[in-house]
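Trainee: PDB, C-alpha atoms, pLDDT in the B column, saved as input_36.pdb, coming up:
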```
MODEL        1
ATOM      1  CA  MET A  19     -40.569 243.932 202.572  1.00 59.00           C
ATOM      2  CA  ASN A  20     -37.023 245.098 203.234  1.00 73.00           C
ATOM      3  CA  THR A  21     -35.267 246.818 200.352  1.00 82.00           C
ATOM      4  CA  PRO A  22     -31.812 245.305 199.896  1.00 87.00           C
ATOM      5  CA  THR A  23     -28.901 247.621 200.644  1.00 93.00           C
ATOM      6  CA  PRO A  24     -27.122 248.668 197.452  1.00 97.00           C
ATOM      7  CA  PRO A  25     -23.482 247.549 197.232  1.00 98.00           C
ATOM      8  CA  MET A  26     -22.298 251.117 196.714  1.00 98.00           C
ATOM      9  CA  LYS A  27     -23.363 254.462 198.122  1.00 98.00           C
ATOM     10  CA  ALA A  28     -21.991 257.844 197.097  1.00 98.00           C
ATOM     11  CA  ALA A  29     -22.052 261.551 197.863  1.00 98.00           C
ATOM     12  CA  ILE A  30     -21.017 264.399 195.552  1.00 98.00           C
ATOM     13  CA  ILE A  31     -19.085 267.261 197.152  1.00 98.00           C
ATOM     14  CA  PRO A  32     -18.303 270.280 194.909  1.00 98.00           C
ATOM     15  CA  VAL A  33     -14.822 271.655 195.645  1.00 97.00           C
ATOM     16  CA  THR A  34     -12.556 274.551 194.615  1.00 95.00           C
ATOM     17  CA  PRO A  35     -13.712 277.846 193.071  1.00 93.00           C
ATOM     18  CA  LEU A  36     -14.295 275.839 189.867  1.00 93.00           C
ATOM     19  CA  GLN A  37     -17.049 273.790 191.603  1.00 96.00           C
ATOM     20  CA  GLN A  38     -15.565 270.442 190.629  1.00 97.00           C
ATOM     21  CA  ASN A  39     -17.576 267.376 191.645  1.00 98.00           C
ATOM     22  CA  CYS A  40     -15.508 265.308 194.051  1.00 98.00           C
ATOM     23  CA  THR A  41     -17.228 261.953 194.643  1.00 98.00           C
ATOM     24  CA  LEU A  42     -17.054 260.112 197.942  1.00 98.00           C
ATOM     25  CA  PHE A  43     -18.214 256.541 197.424  1.00 98.00           C
ATOM     26  CA  TRP A  44     -18.110 253.524 199.676  1.00 98.00           C
ATOM     27  CA  CYS A  45     -18.707 249.797 199.891  1.00 98.00           C
ATOM     28  CA  THR A  46     -21.765 249.254 202.088  1.00 98.00           C
ATOM     29  CA  GLU A  47     -20.513 245.804 203.173  1.00 98.00           C
ATOM     30  CA  THR A  48     -17.151 246.987 204.511  1.00 98.00           C
ATOM     31  CA  ASN A  49     -17.524 250.791 204.971  1.00 98.00           C
ATOM     32  CA  LYS A  50     -14.285 251.190 202.993  1.00 98.00           C
ATOM     33  CA  ALA A  51     -14.399 254.323 200.847  1.00 99.00           C
ATOM     34  CA  ALA A  52     -12.554 256.342 198.222  1.00 99.00           C
ATOM     35  CA  PHE A  53     -12.503 259.919 197.029  1.00 99.00           C
ATOM     36  CA  VAL A  54     -12.562 260.491 193.283  1.00 99.00           C
ATOM     37  CA  ASP A  55     -10.869 263.771 192.290  1.00 98.00           C
ATOM     38  CA  PRO A  56     -10.314 265.516 195.644  1.00 98.00           C
ATOM     39  CA  GLY A  57      -9.074 268.757 194.094  1.00 97.00           C
ATOM     40  CA  GLY A  58      -9.339 270.961 197.174  1.00 97.00           C
ATOM     41  CA  ASP A  59     -11.409 271.990 200.217  1.00 97.00           C
ATOM     42  CA  LEU A  60      -9.902 269.090 202.149  1.00 98.00           C
ATOM     43  CA  ASP A  61     -11.556 269.980 205.466  1.00 98.00           C
ATOM     44  CA  ARG A  62     -14.953 269.735 203.795  1.00 98.00           C
ATOM     45  CA  LEU A  63     -14.053 266.378 202.282  1.00 98.00           C
ATOM     46  CA  LYS A  64     -12.793 264.936 205.563  1.00 98.00           C
ATOM     47  CA  ALA A  65     -15.946 266.171 207.308  1.00 98.00           C
ATOM     48  CA  ALA A  66     -18.104 264.438 204.659  1.00 98.00           C
ATOM     49  CA  ALA A  67     -16.267 261.151 205.230  1.00 98.00           C
ATOM     50  CA  ALA A  68     -16.685 261.488 208.995  1.00 98.00           C
ATOM     51  CA  GLN A  69     -20.386 262.260 208.613  1.00 97.00           C
ATOM     52  CA  ALA A  70     -20.851 259.170 206.433  1.00 98.00           C
ATOM     53  CA  GLY A  71     -18.948 257.104 208.998  1.00 98.00           C
ATOM     54  CA  VAL A  72     -16.639 255.568 206.390  1.00 98.00           C
ATOM     55  CA  GLU A  73     -12.938 254.736 206.254  1.00 98.00           C
ATOM     56  CA  ILE A  74     -11.014 256.191 203.310  1.00 98.00           C
ATOM     57  CA  GLU A  75      -8.997 253.427 201.700  1.00 98.00           C
ATOM     58  CA  LYS A  76      -7.610 255.224 198.641  1.00 98.00           C
ATOM     59  CA  ILE A  77      -7.859 258.211 196.328  1.00 99.00           C
ATOM     60  CA  LEU A  78      -8.794 257.831 192.656  1.00 99.00           C
ATOM     61  CA  VAL A  79      -7.964 260.454 190.019  1.00 99.00           C
ATOM     62  CA  THR A  80      -9.606 260.771 186.594  1.00 99.00           C
ATOM     63  CA  HIS A  81      -7.130 263.247 185.109  1.00 98.00           C
ATOM     64  CA  GLY A  82      -4.387 265.700 185.937  1.00 98.00           C
ATOM     65  CA  HIS A  83      -6.152 269.083 185.982  1.00 97.00           C
ATOM     66  CA  ILE A  84      -5.777 271.317 189.038  1.00 97.00           C
ATOM     67  CA  ASP A  85      -9.446 271.333 190.096  1.00 96.00           C
ATOM     68  CA  HIS A  86      -9.526 267.523 190.049  1.00 98.00           C
ATOM     69  CA  CYS A  87      -6.272 266.613 191.759  1.00 98.00           C
ATOM     70  CA  GLY A  88      -4.435 269.730 192.892  1.00 97.00           C
ATOM     71  CA  GLN A  89      -4.574 268.642 196.529  1.00 98.00           C
ATOM     72  CA  ALA A  90      -4.861 264.866 196.052  1.00 98.00           C
ATOM     73  CA  GLY A  91      -1.237 264.380 197.093  1.00 98.00           C
ATOM     74  CA  ILE A  92      -1.713 266.464 200.232  1.00 98.00           C
ATOM     75  CA  LEU A  93      -4.840 264.515 201.220  1.00 98.00           C
ATOM     76  CA  ALA A  94      -3.179 261.169 200.533  1.00 98.00           C
ATOM     77  CA  GLU A  95      -0.317 262.161 202.814  1.00 98.00           C
ATOM     78  CA  GLU A  96      -2.663 263.326 205.573  1.00 98.00           C
ATOM     79  CA  LEU A  97      -4.745 260.140 205.439  1.00 98.00           C
ATOM     80  CA  GLY A  98      -1.886 257.733 204.727  1.00 98.00           C
ATOM     81  CA  VAL A  99      -3.620 256.240 201.676  1.00 98.00           C
ATOM     82  CA  PRO A 100      -2.472 255.507 198.103  1.00 98.00           C
ATOM     83  CA  ILE A 101      -3.448 257.340 194.916  1.00 99.00           C
ATOM     84  CA  GLU A 102      -4.529 255.351 191.853  1.00 99.00           C
ATOM     85  CA  GLY A 103      -4.855 257.033 188.459  1.00 98.00           C
ATOM     86  CA  PRO A 104      -4.897 258.647 186.080  1.00 99.00           C
ATOM     87  CA  HIS A 105      -3.222 257.107 183.004  1.00 98.00           C
ATOM     88  CA  ARG A 106       0.491 257.882 182.699  1.00 98.00           C
ATOM     89  CA  ASP A 107      -0.133 260.166 179.698  1.00 98.00           C
ATOM     90  CA  ASP A 108      -1.339 262.847 182.138  1.00 98.00           C
ATOM     91  CA  SER A 109       1.928 262.930 184.086  1.00 98.00           C
ATOM     92  CA  PHE A 110       2.867 266.255 182.454  1.00 98.00           C
ATOM     93  CA  TRP A 111      -0.295 267.840 183.895  1.00 98.00           C
ATOM     94  CA  ILE A 112       0.446 266.521 187.378  1.00 98.00           C
ATOM     95  CA  ASP A 113       4.024 267.819 187.155  1.00 98.00           C
ATOM     96  CA  ARG A 114       2.705 271.377 186.686  1.00 97.00           C
ATOM     97  CA  LEU A 115       0.063 271.429 189.429  1.00 97.00           C
ATOM     98  CA  GLY A 116       2.060 273.959 191.462  1.00 95.00           C
ATOM     99  CA  GLU A 117       2.221 276.541 188.683  1.00 94.00           C
ATOM    100  CA  ASP A 118      -1.368 275.877 187.574  1.00 93.00           C
ATOM    101  CA  GLY A 119      -2.512 276.353 191.167  1.00 90.00           C
ATOM    102  CA  ALA A 120      -0.954 279.808 191.278  1.00 89.00           C
ATOM    103  CA  LYS A 121      -2.752 280.658 188.025  1.00 87.00           C
ATOM    104  CA  TYR A 122      -6.207 279.549 189.239  1.00 82.00           C
ATOM    105  CA  GLY A 123      -5.916 280.556 192.904  1.00 82.00           C
ATOM    106  CA  VAL A 124      -6.056 276.940 194.081  1.00 83.00           C
ATOM    107  CA  GLU A 125      -3.265 275.372 196.109  1.00 88.00           C
ATOM    108  CA  GLY A 126      -1.689 272.686 193.969  1.00 95.00           C
ATOM    109  CA  ARG A 127       1.094 270.207 194.598  1.00 97.00           C
ATOM    110  CA  SER A 128       2.436 267.618 192.204  1.00 98.00           C
ATOM    111  CA  PHE A 129       2.573 263.960 193.214  1.00 98.00           C
ATOM    112  CA  VAL A 130       3.368 260.564 191.768  1.00 98.00           C
ATOM    113  CA  PRO A 131       0.433 258.117 191.896  1.00 98.00           C
ATOM    114  CA  ASP A 132       1.061 254.826 193.636  1.00 98.00           C
ATOM    115  CA  ARG A 133      -0.458 253.213 190.565  1.00 98.00           C
ATOM    116  CA  TRP A 134      -0.883 254.534 187.047  1.00 98.00           C
ATOM    117  CA  LEU A 135      -3.990 253.058 185.421  1.00 99.00           C
ATOM    118  CA  GLU A 136      -4.470 251.452 182.017  1.00 98.00           C
ATOM    119  CA  ASP A 137      -7.579 250.711 179.982  1.00 98.00           C
ATOM    120  CA  GLY A 138      -9.074 247.452 181.252  1.00 98.00           C
ATOM    121  CA  ASP A 139      -7.629 247.699 184.768  1.00 98.00           C
ATOM    122  CA  THR A 140      -9.840 247.381 187.832  1.00 98.00           C
ATOM    123  CA  VAL A 141      -9.684 249.249 191.123  1.00 98.00           C
ATOM    124  CA  GLN A 142     -10.885 247.769 194.398  1.00 98.00           C
ATOM    125  CA  VAL A 143     -12.587 249.677 197.213  1.00 98.00           C
ATOM    126  CA  GLY A 144     -13.737 247.344 199.952  1.00 98.00           C
ATOM    127  CA  ASN A 145     -15.595 244.589 198.100  1.00 98.00           C
ATOM    128  CA  LEU A 146     -16.372 246.857 195.139  1.00 98.00           C
ATOM    129  CA  SER A 147     -14.575 246.351 191.851  1.00 98.00           C
ATOM    130  CA  LEU A 148     -14.660 249.253 189.379  1.00 99.00           C
ATOM    131  CA  ASP A 149     -13.606 249.034 185.746  1.00 99.00           C
ATOM    132  CA  VAL A 150     -11.058 251.528 184.444  1.00 99.00           C
ATOM    133  CA  ILE A 151     -11.754 252.933 180.973  1.00 99.00           C
ATOM    134  CA  HIS A 152      -9.111 255.094 179.285  1.00 98.00           C
ATOM    135  CA  CYS A 153     -10.995 257.963 177.607  1.00 99.00           C
ATOM    136  CA  PRO A 154      -8.521 260.414 176.039  1.00 98.00           C
ATOM    137  CA  GLY A 155      -9.571 263.677 174.435  1.00 98.00           C
ATOM    138  CA  HIS A 156     -10.028 266.236 177.204  1.00 98.00           C
ATOM    139  CA  THR A 157      -6.586 265.164 178.376  1.00 98.00           C
ATOM    140  CA  PRO A 158      -4.520 262.306 176.925  1.00 98.00           C
ATOM    141  CA  GLY A 159      -4.492 260.298 180.160  1.00 98.00           C
ATOM    142  CA  HIS A 160      -8.112 260.721 181.269  1.00 99.00           C
ATOM    143  CA  VAL A 161      -9.764 257.649 182.802  1.00 99.00           C
ATOM    144  CA  VAL A 162     -13.356 256.845 183.766  1.00 99.00           C
ATOM    145  CA  PHE A 163     -14.399 254.638 186.699  1.00 99.00           C
ATOM    146  CA  HIS A 164     -17.398 252.365 186.088  1.00 98.00           C
ATOM    147  CA  HIS A 165     -19.231 250.176 188.610  1.00 98.00           C
ATOM    148  CA  PRO A 166     -21.337 247.818 186.455  1.00 98.00           C
ATOM    149  CA  GLU A 167     -23.488 246.440 189.312  1.00 98.00           C
ATOM    150  CA  SER A 168     -24.614 249.946 190.296  1.00 98.00           C
ATOM    151  CA  LYS A 169     -24.834 251.168 186.685  1.00 98.00           C
ATOM    152  CA  VAL A 170     -22.824 254.236 187.674  1.00 98.00           C
ATOM    153  CA  ALA A 171     -19.789 255.852 186.039  1.00 98.00           C
ATOM    154  CA  MET A 172     -17.587 258.680 187.284  1.00 98.00           C
ATOM    155  CA  VAL A 173     -16.534 260.353 184.054  1.00 99.00           C
ATOM    156  CA  GLY A 174     -14.575 263.442 185.103  1.00 98.00           C
ATOM    157  CA  ASP A 175     -14.518 266.022 182.325  1.00 98.00           C
ATOM    158  CA  VAL A 176     -15.224 263.666 179.404  1.00 98.00           C
ATOM    159  CA  LEU A 177     -18.999 264.216 179.315  1.00 98.00           C
ATOM    160  CA  PHE A 178     -21.477 266.591 180.978  1.00 98.00           C
ATOM    161  CA  GLN A 179     -25.219 266.996 180.975  1.00 98.00           C
ATOM    162  CA  GLY A 180     -25.765 268.627 177.580  1.00 98.00           C
ATOM    163  CA  SER A 181     -22.081 269.143 176.829  1.00 98.00           C
ATOM    164  CA  ILE A 182     -18.646 267.544 176.484  1.00 98.00           C
ATOM    165  CA  GLY A 183     -15.173 268.293 177.788  1.00 98.00           C
ATOM    166  CA  ARG A 184     -12.994 271.035 176.392  1.00 98.00           C
ATOM    167  CA  THR A 185     -10.251 269.969 174.007  1.00 98.00           C
ATOM    168  CA  ASP A 186      -8.338 273.253 173.645  1.00 97.00           C
ATOM    169  CA  PHE A 187      -5.845 272.406 176.398  1.00 96.00           C
ATOM    170  CA  PRO A 188      -2.346 271.052 175.628  1.00 96.00           C
ATOM    171  CA  ARG A 189      -2.611 267.577 174.041  1.00 98.00           C
ATOM    172  CA  GLY A 190      -6.407 267.730 173.964  1.00 98.00           C
ATOM    173  CA  ASN A 191      -8.002 266.160 170.891  1.00 98.00           C
ATOM    174  CA  HIS A 192     -11.615 266.699 169.847  1.00 98.00           C
ATOM    175  CA  GLN A 193     -11.920 263.576 167.684  1.00 97.00           C
ATOM    176  CA  ASP A 194     -10.365 261.429 170.417  1.00 98.00           C
ATOM    177  CA  LEU A 195     -12.963 262.777 172.844  1.00 98.00           C
ATOM    178  CA  LEU A 196     -15.873 261.984 170.505  1.00 98.00           C
ATOM    179  CA  ASP A 197     -14.464 258.494 169.934  1.00 98.00           C
ATOM    180  CA  SER A 198     -14.052 257.938 173.678  1.00 98.00           C
ATOM    181  CA  ILE A 199     -17.668 258.865 174.391  1.00 98.00           C
ATOM    182  CA  THR A 200     -19.332 257.021 171.526  1.00 98.00           C
ATOM    183  CA  GLY A 201     -16.980 254.042 171.447  1.00 98.00           C
ATOM    184  CA  LYS A 202     -16.342 253.469 175.150  1.00 98.00           C
ATOM    185  CA  LEU A 203     -19.141 255.085 177.173  1.00 98.00           C
ATOM    186  CA  TRP A 204     -22.254 254.466 175.078  1.00 98.00           C
ATOM    187  CA  PRO A 205     -21.675 250.673 175.051  1.00 98.00           C
ATOM    188  CA  LEU A 206     -21.957 250.679 178.869  1.00 98.00           C
ATOM    189  CA  GLY A 207     -25.734 251.067 178.403  1.00 98.00           C
ATOM    190  CA  GLY A 208     -28.233 253.900 178.331  1.00 98.00           C
ATOM    191  CA  GLU A 209     -29.408 253.258 181.894  1.00 98.00           C
ATOM    192  CA  THR A 210     -25.908 254.029 183.231  1.00 98.00           C
ATOM    193  CA  ALA A 211     -25.979 257.187 185.349  1.00 98.00           C
ATOM    194  CA  PHE A 212     -22.852 259.311 185.392  1.00 98.00           C
ATOM    195  CA  VAL A 213     -21.227 261.817 187.706  1.00 98.00           C
ATOM    196  CA  PRO A 214     -19.570 264.517 185.589  1.00 98.00           C
ATOM    197  CA  GLY A 215     -16.677 266.671 186.726  1.00 98.00           C
ATOM    198  CA  HIS A 216     -18.983 269.687 186.968  1.00 98.00           C
ATOM    199  CA  GLY A 217     -22.742 270.202 187.105  1.00 98.00           C
ATOM    200  CA  PRO A 218     -25.646 267.773 187.558  1.00 98.00           C
ATOM    201  CA  MET A 219     -25.723 264.027 186.948  1.00 98.00           C
ATOM    202  CA  SER A 220     -27.333 262.546 183.857  1.00 98.00           C
ATOM    203  CA  ASN A 221     -27.452 259.177 182.118  1.00 98.00           C
ATOM    204  CA  PHE A 222     -26.144 257.966 178.791  1.00 98.00           C
ATOM    205  CA  ALA A 223     -29.579 257.405 177.240  1.00 98.00           C
ATOM    206  CA  HIS A 224     -30.576 261.029 177.913  1.00 98.00           C
ATOM    207  CA  GLU A 225     -27.331 262.306 176.416  1.00 98.00           C
ATOM    208  CA  ARG A 226     -27.686 260.116 173.330  1.00 98.00           C
ATOM    209  CA  ARG A 227     -31.148 261.635 172.804  1.00 98.00           C
ATOM    210  CA  THR A 228     -30.347 265.269 173.553  1.00 98.00           C
ATOM    211  CA  ASN A 229     -26.630 266.108 173.686  1.00 98.00           C
ATOM    212  CA  PRO A 230     -25.854 268.562 170.851  1.00 97.00           C
ATOM    213  CA  PHE A 231     -22.249 267.335 170.566  1.00 97.00           C
ATOM    214  CA  VAL A 232     -22.422 263.541 170.918  1.00 98.00           C
ATOM    215  CA  GLY A 233     -26.126 262.693 170.730  1.00 98.00           C
ATOM    216  CA  ASP A 234     -27.056 260.182 168.059  1.00 97.00           C
ATOM    217  CA  ALA A 235     -28.458 262.928 165.815  1.00 96.00           C
ATOM    218  CA  ALA A 236     -25.284 265.034 166.129  1.00 95.00           C
ATOM    219  CA  ILE A 237     -23.042 262.059 165.334  1.00 94.00           C
ATOM    220  CA  ALA A 238     -25.214 261.096 162.345  1.00 93.00           C
ATOM    221  CA  ARG A 239     -24.787 264.623 160.943  1.00 88.00           C
ATOM    222  CA  GLY A 240     -21.039 264.155 161.278  1.00 76.00           C
TER     223      GLY A 240
ENDMDL
END
```
Could you take the file, read its structure, and then write that structure out as C-alpha cells?

Mentor:
Amino acid sequence: MNTPTPPMKAAIIPVTPLQQNCTLFWCTETNKAAFVDPGGDLDRLKAAAAQAGVEIEKILVTHGHIDHCGQAGILAEELGVPIEGPHRDDSFWIDRLGEDGAKYGVEGRSFVPDRWLEDGDTVQVGNLSLDVIHCPGHTPGHVVFHHPESKVAMVGDVLFQGSIGRTDFPRGNHQDLLDSITGKLWPLGGETAFVPGHGPMSNFAHERRTNPFVGDAAIARG
C-alpha cells in the first residue's frame, strides 16, 4: 500500500557560529518553499534548497535577533522574494542588526519586512497555510509558525528541549514568556512537534512532562 505524501516536508540547517536552526520547508504539491530564520551561511542555505529541488517563495522570520535574521534581507534581495514577520514590536532589534553583527562576528544588515505579522494571521507557502501566533517574552515581537495538518510548529527561541528562551535582553519579559508557552503553545496539543531556534526537536507533551521551567509540575509550583 502506498503511503500518502505528507503536505509539508522540511529540513533543518544550523547556521552562524551560534548554531541557529534555520528551517527550509516546502509544499509537496507545488514545490514552493520558504526559509524560516535564515540568519547566515547563505551559500549553505541556497545549496540545501537546490538539493531539495524546491523554489523559494518567501522568507519567514520569528524574531529580530542577529542569528535568526541577520542576513534575511540579503537573501531576500538575492532571491527576489518577500520577507514576512516578525511582529512590529521587534522592529528595534532589526534596526540594530548591523551593530549586533559586529558584536557577534556575524554579518548583519537591517531590513524592513514586506509584511509585519499579527497574532491570528496566516502565511501561505504553496498550498500550505500556517497560523501565526504572537508569543512575546524572549523578544516583544516574537512569532511562532504552526502548521496544524502536520502537527508541527517552528517556535524560534520561545521554547527548547528542556529549556525556555532567555528574557534578559532589552524588552524581554519572563512572565510574558511563560504565558506565551502555557497559554498559546500548550493548547496546540501534546502531539505537536516543534523546531526550536537551537538544539534538537521535541514535542509539547514531552516538555509538559519534563521541562523544569514550563512543565506542568513547574507551573503548579508557581

Trainee: Restrict the calculation to only C-alpha atoms, then for each residue of stretch 89-146 of chain A with any atom at most 10 Å from an atom of stretch 170-193 of chain A give the closest atom pair and their distance in Å to one decimal, rows by chain and rising residue number, as a tab-separated table.

Mentor:
```
residue	atom	partner	partner_atom	distance
A:Asp107	CA	A:Arg189	CA	9.6
A:Asp108	CA	A:Arg189	CA	9.5
A:Phe110	CA	A:Pro188	CA	9.8
A:Trp111	CA	A:Pro188	CA	9.1
```

Trainee: Using only C-alpha atoms, can you tell me which of A:Val54, A:Ile101, A:Ala70, A:Leu115 comes closest to A:Lys27?

Mentor: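 Checking each of A:Val54, A:Ile101, A:Ala70, A:Leu115 against A:Lys27, counting only C-alpha atoms, the winner is A:Ala70.
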
Trainee: Give as a short mmCIF file (atom, residue, chain, number, x, y, z; two decimals) with C-alpha atoms, in the frame of the given file the set of residues within 7 Å of the point (-6.7, 264.2, 178.3), where distances use the file's coordinates and all atoms listed in the file.

Mentor:
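Contents of the output file part-v1.cif:
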```cif
data_model
loop_
_atom_site.label_atom_id
_atom_site.label_comp_id
_atom_site.auth_asym_id
_atom_site.auth_seq_id
_atom_site.Cartn_x
_atom_site.Cartn_y
_atom_site.Cartn_z
CA HIS A 81 -7.13 263.25 185.11
CA ASP A 108 -1.34 262.85 182.14
CA PRO A 154 -8.52 260.41 176.04
CA GLY A 155 -9.57 263.68 174.44
CA HIS A 156 -10.03 266.24 177.20
CA THR A 157 -6.59 265.16 178.38
CA PRO A 158 -4.52 262.31 176.92
CA GLY A 159 -4.49 260.30 180.16
CA HIS A 160 -8.11 260.72 181.27
CA ARG A 189 -2.61 267.58 174.04
CA GLY A 190 -6.41 267.73 173.96
#
```

Trainee: Which neighbours of A:Ala66 fall inside 10 Å, counting all atoms listed in the file, when residues of the same chain fewer than 4 positions from it are skipped, and could you give them as a PyMOL selection string?

Mentor: chain A and resi 29-31+42+60-62+70-72

Trainee: As a list in words, please: the residues near stretch 131-139 of chain A (cut-off 6 Å, only C-alpha atoms, same-chain neighbours under 6 positions excluded).

Mentor: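 Selected residues are Pro100, Ile101, Glu102, Gly103, Pro104, His105, Arg106, Val150, Ile151 and His152 of chain A.
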
Trainee: Rounded to one decimal, what separation in Å do you get between atom CA of A:Thr80 and atom CA of A:His216?

Mentor: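 Distance between the two atoms: 12.9 Å.
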
Trainee: For the structure shown, which residues end up in the PyMOL selection byres ((chain A and resi 220) around 6)? Put them as a VMD selection string, please?

Mentor: chain A and resid 179 211 to 212 219 221

Trainee: Can I get a file of stretch 129-149 of chain A from the given structure, N, CA, C and O atoms kept, as a compact mmCIF listing (two decimals), in the first residue's frame?

Mentor:
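Saved to result_5.txt:
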```
# COMPACT_ATOMS: atom_id res chain seq x y z
N PHE A 129 16.63 45.49 7.68
CA PHE A 129 15.69 45.40 6.56
C PHE A 129 14.31 45.79 7.08
O PHE A 129 14.09 45.88 8.29
N VAL A 130 13.41 46.02 6.17
CA VAL A 130 12.01 46.23 6.54
C VAL A 130 11.21 45.08 5.93
O VAL A 130 11.22 44.89 4.71
N PRO A 131 10.53 44.27 6.75
CA PRO A 131 9.75 43.16 6.18
C PRO A 131 8.69 43.68 5.20
O PRO A 131 8.16 44.79 5.37
N ASP A 132 8.38 42.87 4.23
CA ASP A 132 7.29 43.21 3.32
C ASP A 132 5.95 43.14 4.04
O ASP A 132 4.98 43.77 3.62
N ARG A 133 5.91 42.36 5.12
CA ARG A 133 4.68 42.22 5.88
C ARG A 133 5.03 41.95 7.34
O ARG A 133 5.69 40.96 7.65
N TRP A 134 4.61 42.87 8.22
CA TRP A 134 4.67 42.58 9.65
C TRP A 134 3.52 41.65 9.98
O TRP A 134 2.45 41.74 9.38
N LEU A 135 3.72 40.76 10.94
CA LEU A 135 2.70 39.76 11.27
C LEU A 135 2.04 40.05 12.61
O LEU A 135 2.69 40.55 13.53
N GLU A 136 0.77 39.69 12.70
CA GLU A 136 -0.01 39.85 13.92
C GLU A 136 -0.52 38.48 14.38
O GLU A 136 -0.64 37.56 13.57
N ASP A 137 -0.83 38.38 15.64
CA ASP A 137 -1.44 37.16 16.17
C ASP A 137 -2.72 36.86 15.39
O ASP A 137 -3.56 37.74 15.17
N GLY A 138 -2.86 35.62 14.94
CA GLY A 138 -4.05 35.23 14.19
C GLY A 138 -3.91 35.35 12.68
O GLY A 138 -4.81 34.90 11.94
N ASP A 139 -2.81 35.94 12.20
CA ASP A 139 -2.57 35.97 10.76
C ASP A 139 -2.27 34.57 10.25
O ASP A 139 -1.99 33.64 11.04
N THR A 140 -2.29 34.41 8.93
CA THR A 140 -1.80 33.18 8.31
C THR A 140 -0.78 33.57 7.26
O THR A 140 -0.81 34.67 6.69
N VAL A 141 0.16 32.65 7.01
CA VAL A 141 1.12 32.82 5.91
C VAL A 141 0.95 31.64 4.96
O VAL A 141 0.72 30.50 5.39
N GLN A 142 1.05 31.92 3.68
CA GLN A 142 0.88 30.90 2.65
C GLN A 142 2.22 30.57 2.01
O GLN A 142 2.99 31.47 1.67
N VAL A 143 2.50 29.29 1.86
CA VAL A 143 3.65 28.81 1.09
C VAL A 143 3.13 27.70 0.20
O VAL A 143 2.73 26.64 0.71
N GLY A 144 3.09 27.95 -1.10
CA GLY A 144 2.43 26.99 -1.98
C GLY A 144 0.98 26.85 -1.55
O GLY A 144 0.27 27.84 -1.37
N ASN A 145 0.55 25.60 -1.34
CA ASN A 145 -0.81 25.35 -0.86
C ASN A 145 -0.88 25.20 0.65
O ASN A 145 -1.94 24.87 1.20
N LEU A 146 0.23 25.44 1.34
CA LEU A 146 0.26 25.33 2.79
C LEU A 146 -0.19 26.64 3.42
O LEU A 146 0.19 27.72 2.97
N SER A 147 -0.96 26.53 4.49
CA SER A 147 -1.37 27.69 5.25
C SER A 147 -0.91 27.50 6.70
O SER A 147 -1.30 26.53 7.35
N LEU A 148 -0.06 28.39 7.18
CA LEU A 148 0.47 28.29 8.54
C LEU A 148 -0.12 29.40 9.39
O LEU A 148 -0.25 30.55 8.95
N ASP A 149 -0.47 29.05 10.62
CA ASP A 149 -1.01 30.02 11.57
C ASP A 149 0.13 30.79 12.23
O ASP A 149 1.17 30.21 12.56
```
